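The structure appears right after this line, and notes come after that.
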Amino acid sequence: MNAFSFSGLLVIISSLFFGFFVFFRNPGNKVNRLWVIFSTAVSLWGLAAFKIGMIPLGEEKSAVMWWRITYPGITFIPVLFYHFVHAWLELKKKIFLVLFYLWGFIFSGIQWLPKWDLFISVNTLKPVFSSFYVLKPTLLLNLFVFCWFSIIIYSHYELYKAFRTSVGLRKNQIRYFFLAIALAFLGGGLSFSMCYGLDIYPYFNFAVPLYPAIMAYAILRYRLMDIRIVFTRAGIFLAVYAVVLGIPFIMLKYTGSGLLSTSFAVVFATIGPLIYRFLQVKAESVILAQQHRYQKILLQTAIGMVTEHNLKKLSKLIVYILKRTIRISFAAIFIKDKKSGSYDLKAIRGESDTGKCVASFRSDAPFVTYLKKKMESSFPEETPKEIITSADIISRAKAIIPISIGNELIGFVFLGEKMNNQPYSDEDINVFRILSRQAALAVENCIFFEESKEMQQRMFSAEKLASIGGMADGIAHQIKNRLNLFSLAAGELKLEIKDFATKHTGLLNNSPELHETFKYLDGISSSIIDNVKRTDGIIKGILDFAKVENKENLFCSFSFREIVELASRLLMLKHEAASLPITLTIEGYENIYAFKAQLTEVIYNLLDNAYEAIQERKTHGTTRESGTFVPEIKVALTHTRELHIIKVSDNGIGIKGEDTHKVFAPFFTTKTSYKSGSGIGVYVVKRIIEEIHKGSIRFDSSYMRGTSFTIELPRPDVR
Amino acid sequence: MNVLIVDDEVETTELFSSFLRRLGLTVEQANCGQEALILFNRCRPEWVFLDFTMSDMDGLELLKKMQQIDAGIKAIMISGREDDSLKNEARALGVRDYLIKPIDLEKIRGIISKHIPEQRQAMN
């Protein structure tokens with residue numbers, strides 16, 4: 001077997017191996033399928049070299065047969081290469097594809113025609129290096145070689161065009177393609193030179209087996225090593241080993257001392273890797289100076305982050321540092337909200353259209369699920385399409401870094417394109433991994449600080465509330481003393497007037513004016529007494545509110561219907577109404593387990609509000625509906641396995657959007673009626689439900705439509 | 001019929017006693033515990049209206065001291081505080097009624113006509 005034949009064997013093996021390797025990694029992908037077909041065509045060329053290299057001189061017929069068998073493969077190499085480029089770059093124009101295939105079919109068929117032995121026949125072969133046969137430069141071969149190279153060059157033109165416009169990964173990938181193809185055609189293409197009498201022994205064929213490996217790497221790997229590094233490393237490797245192996249070789253040649261050269265070879269072989277490593281580090285620190293610089297900054301920042309205790313500031317700091325140091329188009333950070341579980345945008349920097357950025361990802365969003373599963377930096381090339389398209393920011397990001405502690409995803413960072421269009425490298429990913437871990441700690445730290453601050457505030461406000469409760473008692477006492485005086489004074493006035501009137505009936509009868517004055521004074525006194533009573537009512541309400549106490553022993557099972565009826569009766573008394581539009585529906589048991597007196601107060605308060613809301617709508621509603629409005633208040637009781645659910649709804653005036661968040665606040669009222677209370681009704685209701693019954697209360701309201709309160713009380717067996 | 005009104009506010013005692021006088025009662029007024037005890041000792045009223053909160057002692061303490069002088073004293077407590085435990089303590093001391101400020105004069109009238117005729121009958 002000569003070198004030509006051996007190189008052919010290597011081409012067959014490497015082309016088929018890497019071709020099928022790429023194919024089986026993703027058989028569904030058109031690019032991968034085309035690649036394996038192309039590789040097969042290349043392997044046919046290898047087969048030609050392998051077989052023909054082994055044919056002894058003089059057996060031209062055998063050489064003709066093998067050239068004829070393998071030439072269709074050689075013919076289709078440029079065609080299939082173009083097709084691969086066409087598919088890979090997603091080119092639209094089909095005309096060249098059709099033309100090239102046509103050409104391919106013509107030239108693979110032409111030699112088989114009976115009269116067309118002008119191309120490959122005993123006559124058109126010539127021996128080279130006295131070891132194998134190549135074609136003579138006939139007209140047909142000229143045409144063939146011209147077309148062959150034209151298609152290859154045209155394909156590279158397309159690649160070059162794409163290279164100019166592409167960014168990041170794609171750009172790097174094309175760089176690899178150029179490297180691979182340069183090697184391949186250097187080896188393969190030069191074979192044609194032998195046809196034209198330029199007798200270069202095809203040692204270059206040994207470069208050919210390298211290219212399928214490079215191509216497979218470029219097609220399959222998402223993040224290719226910076227090609228400058230590949231070149232540097234290869235160059236240093238060659239240079240170092242040329243010295244390491246060359247010096248002993250030269251010494252052997254000139255001194256003829258085997259011992260000396262061998263000992264030199266041993267020494268060089270030992271220090272060779274050290275020199276290689278040293279030069280590599282030096283060279284790469286020059287090439288990757290910028291990248292190393294920002295990686296260093298990021299690591300320093302990452303460690304410093306933990307000292308920041310304000311989540312908002314920390315988020316801003318992170319995006320600022322990322323954007324500035326890596327020099328990227330934008331950076332955005334999302335942090336998980338502990339209460340809702342959703343991931344909210346905390347800070348974004350860069351890009352003018354940040355306003356369009358999605359503000360939050362739900363915890364069950366496909367993207368979040370994907371990242372939770374992956375828990376590693378994610379890049380668009382490896383992310384499923386449906387996830388990329390699920391949000392604008394995902395499709396614009398060139399790298400997504402999860403921030404996690406243990407198995408919990410506490411946030412993520414989106415990074416845009418690098419300004420210099422370089423792709424994110426493996427080294428970047430290592431830096432991001434450290435950054436992410438530090439950021440996670442910093443975020444947790446902030447959340448802890450903020451939670452403890454919030455806790456302190458809550459404790460403080462609870463304390464404040466308690467002290468107000470205590471103070472309320474004292475204040476109420478003072479106010480009651482004042483009211484007492486008002487009451488006594490007004491009563492005294494009334495009595496004085498009455499006494500005077502009885503004593504001086506004649507005087508009053510004679511002077512209608514005096515009579516009127518006395519009547520007026522009497523009216524004012526009554527008004528004072530009435531107002532004292534109402535003020536006292538408010539004070540009583542405040543005291544009751546301060547007095548909500550936990551009295552477990554007062555819980556019992558009682559009829560819900562009974563307390564609704566009781567509350568309705570009280571309400572009719574209060575509003576001097578003959579009837580109320582209340583309907584009660586009970587599903588299942590009529591009895592519920594609760595603190596009876598307090599639940600009565602709850603129902604009373606809610607019905608009172610409902611009734612006032614209806615009155616409001618009657619008086620303030622639009623005139624258009626005044627005739628058609630049918631007021632109704634619905635009370636419903638249902639049960640689940642764990643809860644009693646009480647619903648009180650009305651079709652009254654409803655609550656305006658701006659007021660909804662104040663509904664449960666103490667002393668808040670929108671009621672205009674003079675009969676309305678202090679505005680603490682709903683607040684007391686909430687405290688009774690939440691603190692004493694450990695239940696929940698929520699409401700739903702729309703202005704001019706009505707309001708609906710829903711109360712959930714835990715049943716005793718689950719309490 | 002002799003009554004003593006004790007409240008640390010002068011205006012209150014003035015107005016209240018004026019009202020009671022209209023009902024035909026003889027009224028003495030005091031504005032602190034010490035003054036009340038002196039008056040009580042001197043006049044020996046049959047009824048006392050006691051405010052619960054005073055500067056020098058509270059109403060119950062005052063009542064206990066009065067009871068040491070005259071165990072048969074009939075008392076009505078007046079308080080701004082609606083407190084069950086105070087009420088119970090007052091009841092335990094034999095207080096006839098426990099009124100919450102602000103006082104409704106009509107209510108006082110009712111109480112007096114309820115208790116005092118009975119007292120008169122007993123006297124007769």
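Following the order of the structure tokens, chains are lettered A, B, ..., residues in each are numbered from 1, and ligands are numbered from 1.
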Quick one: which chain B residues come within 7 Å of chain A, and what is the nearest atom pair for each with the distance in Å to one decimal, counting only C-alpha atoms, rows ordered by chain and ascending number, as a tab-separated table?
```
residue	atom	partner	partner_atom	distance
B:Thr12	CA	A:Leu485	CA	5.8
B:Leu15	CA	A:Leu488	CA	6.1
B:Phe16	CA	A:Leu488	CA	6.5
B:Phe19	CA	A:Glu492	CA	6.3
B:Gly80	CA	A:His477	CA	4.9
B:Arg81	CA	A:His477	CA	6.1
B:Lys101	CA	A:Asn484	CA	5.4
B:Pro102	CA	A:Asn484	CA	3.7
B:Ile103	CA	A:Asn484	CA	5.7
B:Asp104	CA	A:Ser487	CA	6.9
B:Leu105	CA	A:Gly491	CA	6.5
```
For the residues in that selection, give me C-alpha atoms as a PDB file, in the first residue's frame.
```pdb
ATOM      1  CA  THR B  12     -70.692  67.549  86.009  1.00  0.00           C
ATOM      2  CA  LEU B  15     -75.442  69.944  86.382  1.00  0.00           C
ATOM      3  CA  PHE B  16     -76.246  66.559  87.803  1.00  0.00           C
ATOM      4  CA  PHE B  19     -81.199  67.844  87.754  1.00  0.00           C
ATOM      5  CA  GLY B  80     -67.042  55.960  81.348  1.00  0.00           C
ATOM      6  CA  ARG B  81     -65.715  52.416  81.144  1.00  0.00           C
ATOM      7  CA  LYS B 101     -71.331  57.804  80.609  1.00  0.00           C
ATOM      8  CA  PRO B 102     -72.726  59.746  78.873  1.00  0.00           C
ATOM      9  CA  ILE B 103     -75.659  59.579  81.264  1.00  0.00           C
ATOM     10  CA  ASP B 104     -79.092  59.691  79.788  1.00  0.00           C
ATOM     11  CA  LEU B 105     -81.119  61.827  82.180  1.00  0.00           C
TER      12      LEU B 105
END
```
Name the residues in contact with range 30-35 of chain B at a cut-off of 6 Å, using only C-alpha atoms, excluding same-chain residues fewer than 6 positions from it; report them as a PyMOL selection string. chain B and resi 6-8+57
Save the residues we just selected, C-alpha atoms, as a PDB file, in the first residue's frame?
```
ATOM      1  CA  VAL B   6     -69.207  62.403  93.676  1.00  0.00           C
ATOM      2  CA  ASP B   7     -67.399  63.250  90.464  1.00  0.00           C
ATOM      3  CA  ASP B   8     -64.048  64.934  89.979  1.00  0.00           C
ATOM      4  CA  MET B  57     -59.123  57.175  94.786  1.00  0.00           C
TER       5      MET B  57
END
```
Between CA of Asn32 in chain A and CA of Ala397 in chain A, what is the spacing in Å? 25.9 Å
Alpha helix (DSSP H) per DSSP on the backbone: members of chain B, as a PyMOL selection string: chain B and resi 10-22+33-43+59-69+84-92+105-123
Would you mind listing what lies within 8 Å of Ser79 in chain B as an MDAnalysis selection string, with only C-alpha atoms counted and same-chain residues fewer than 4 positions away left out? chainID B and resid 51:53 98:101
Could you save the residues just selected, with N, CA and C atoms, as a CSV table (one decimal), in the first residue's frame?
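Contents of result_23.csv, as written:
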```
chain,number,residue,atom,x,y,z
B,51,ASP,N,-68.7,58.4,90.8
B,51,ASP,CA,-68.0,58.3,89.5
B,51,ASP,C,-66.9,57.3,89.8
B,52,PHE,N,-66.5,56.5,88.8
B,52,PHE,CA,-65.5,55.5,89.1
B,52,PHE,C,-64.1,56.1,89.2
B,53,THR,N,-63.8,57.0,88.2
B,53,THR,CA,-62.4,57.5,88.2
B,53,THR,C,-62.3,58.8,88.9
B,98,TYR,N,-75.2,50.3,87.6
B,98,TYR,CA,-73.9,50.7,87.1
B,98,TYR,C,-74.2,51.4,85.8
B,99,LEU,N,-74.0,52.7,85.7
B,99,LEU,CA,-74.4,53.5,84.6
B,99,LEU,C,-73.1,53.9,83.8
B,100,ILE,N,-73.3,53.9,82.5
B,100,ILE,CA,-72.2,54.2,81.6
B,100,ILE,C,-72.4,55.7,81.1
B,101,LYS,N,-71.3,56.5,81.2
B,101,LYS,CA,-71.3,57.8,80.6
B,101,LYS,C,-71.3,57.7,79.1
```
Need the shell around Phe264 in chain A: protein/DNA/RNA residues with any atom at most 10 Å away, counting only C-alpha atoms. Skip same-chain ones fewer than 2 positions apart. Format as a list of chain:residue names?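 Close residues of Phe264 in chain A: A:Val244, A:Leu245, A:Ile247, A:Pro248, A:Phe249, A:Met251, A:Gly258, A:Leu259, A:Leu260, A:Ser261, A:Thr262, A:Val266, A:Val267, A:Phe268, A:Ala269, A:Thr270.
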Choose the residue, out of A:Ser649, A:Asn2, A:Thr619, A:Thr138, that has the smallest atom-to-atom separation from Phe699 in chain A; count only C-alpha atoms.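 So, comparing all the options, the nearest one is A:Ser649.
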For Ala218 in chain A: contacts at 9 Å, only C-alpha atoms, fewer than 6 positions along chain excluded, given as a list in words: Asn172, Gln173, Ile174, Tyr176, Phe177 and Leu224 of chain A
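Between CA of Leu298 in chain A and CA of Leu409 in chain A lies a distance of 21.0 Å.
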Excluding same-chain residues fewer than 4 positions from Val3 in chain B, what lies within 9 Å of it counting only C-alpha atoms, as number ranges by chain? B: 20, 25-29, 44-49
Have a look at A:Arg349, A:Lys296, A:Arg170, A:Arg569 and name the one nearest to Asp428 in chain A; count only C-alpha atoms.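 Of all the options, A:Lys296 lies closest to Asp428 in chain A.
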Can you pull out the residues contacting Lys596 in chain A? Cut-off 8 Å, using only C-alpha atoms, and skip same-chain residues under 2 positions away; I want them as a PyMOL selection string. chain A and resi 554-556+558+563+594+598-600
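Per DSSP on the backbone, strand (DSSP E) in chain B comprises B:Asn2, B:Val3, B:Leu4, B:Ile5, B:Val6, B:Thr26, B:Val27, B:Glu28, B:Gln29, B:Ala30, B:Trp47, B:Val48, B:Phe49, B:Leu50, B:Asp51, B:Lys74, B:Ala75, B:Ile76, B:Met77, B:Ile78, B:Ser79, B:Asp97, B:Tyr98, B:Leu99, B:Ile100.
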Which residue gives the smallest distance to Ile111 in chain B among B:Gly59, B:Glu89, B:Ala75, B:Met54, with only C-alpha atoms counted?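 That would be B:Ala75, the residue with the smallest distance to Ile111 in chain B.
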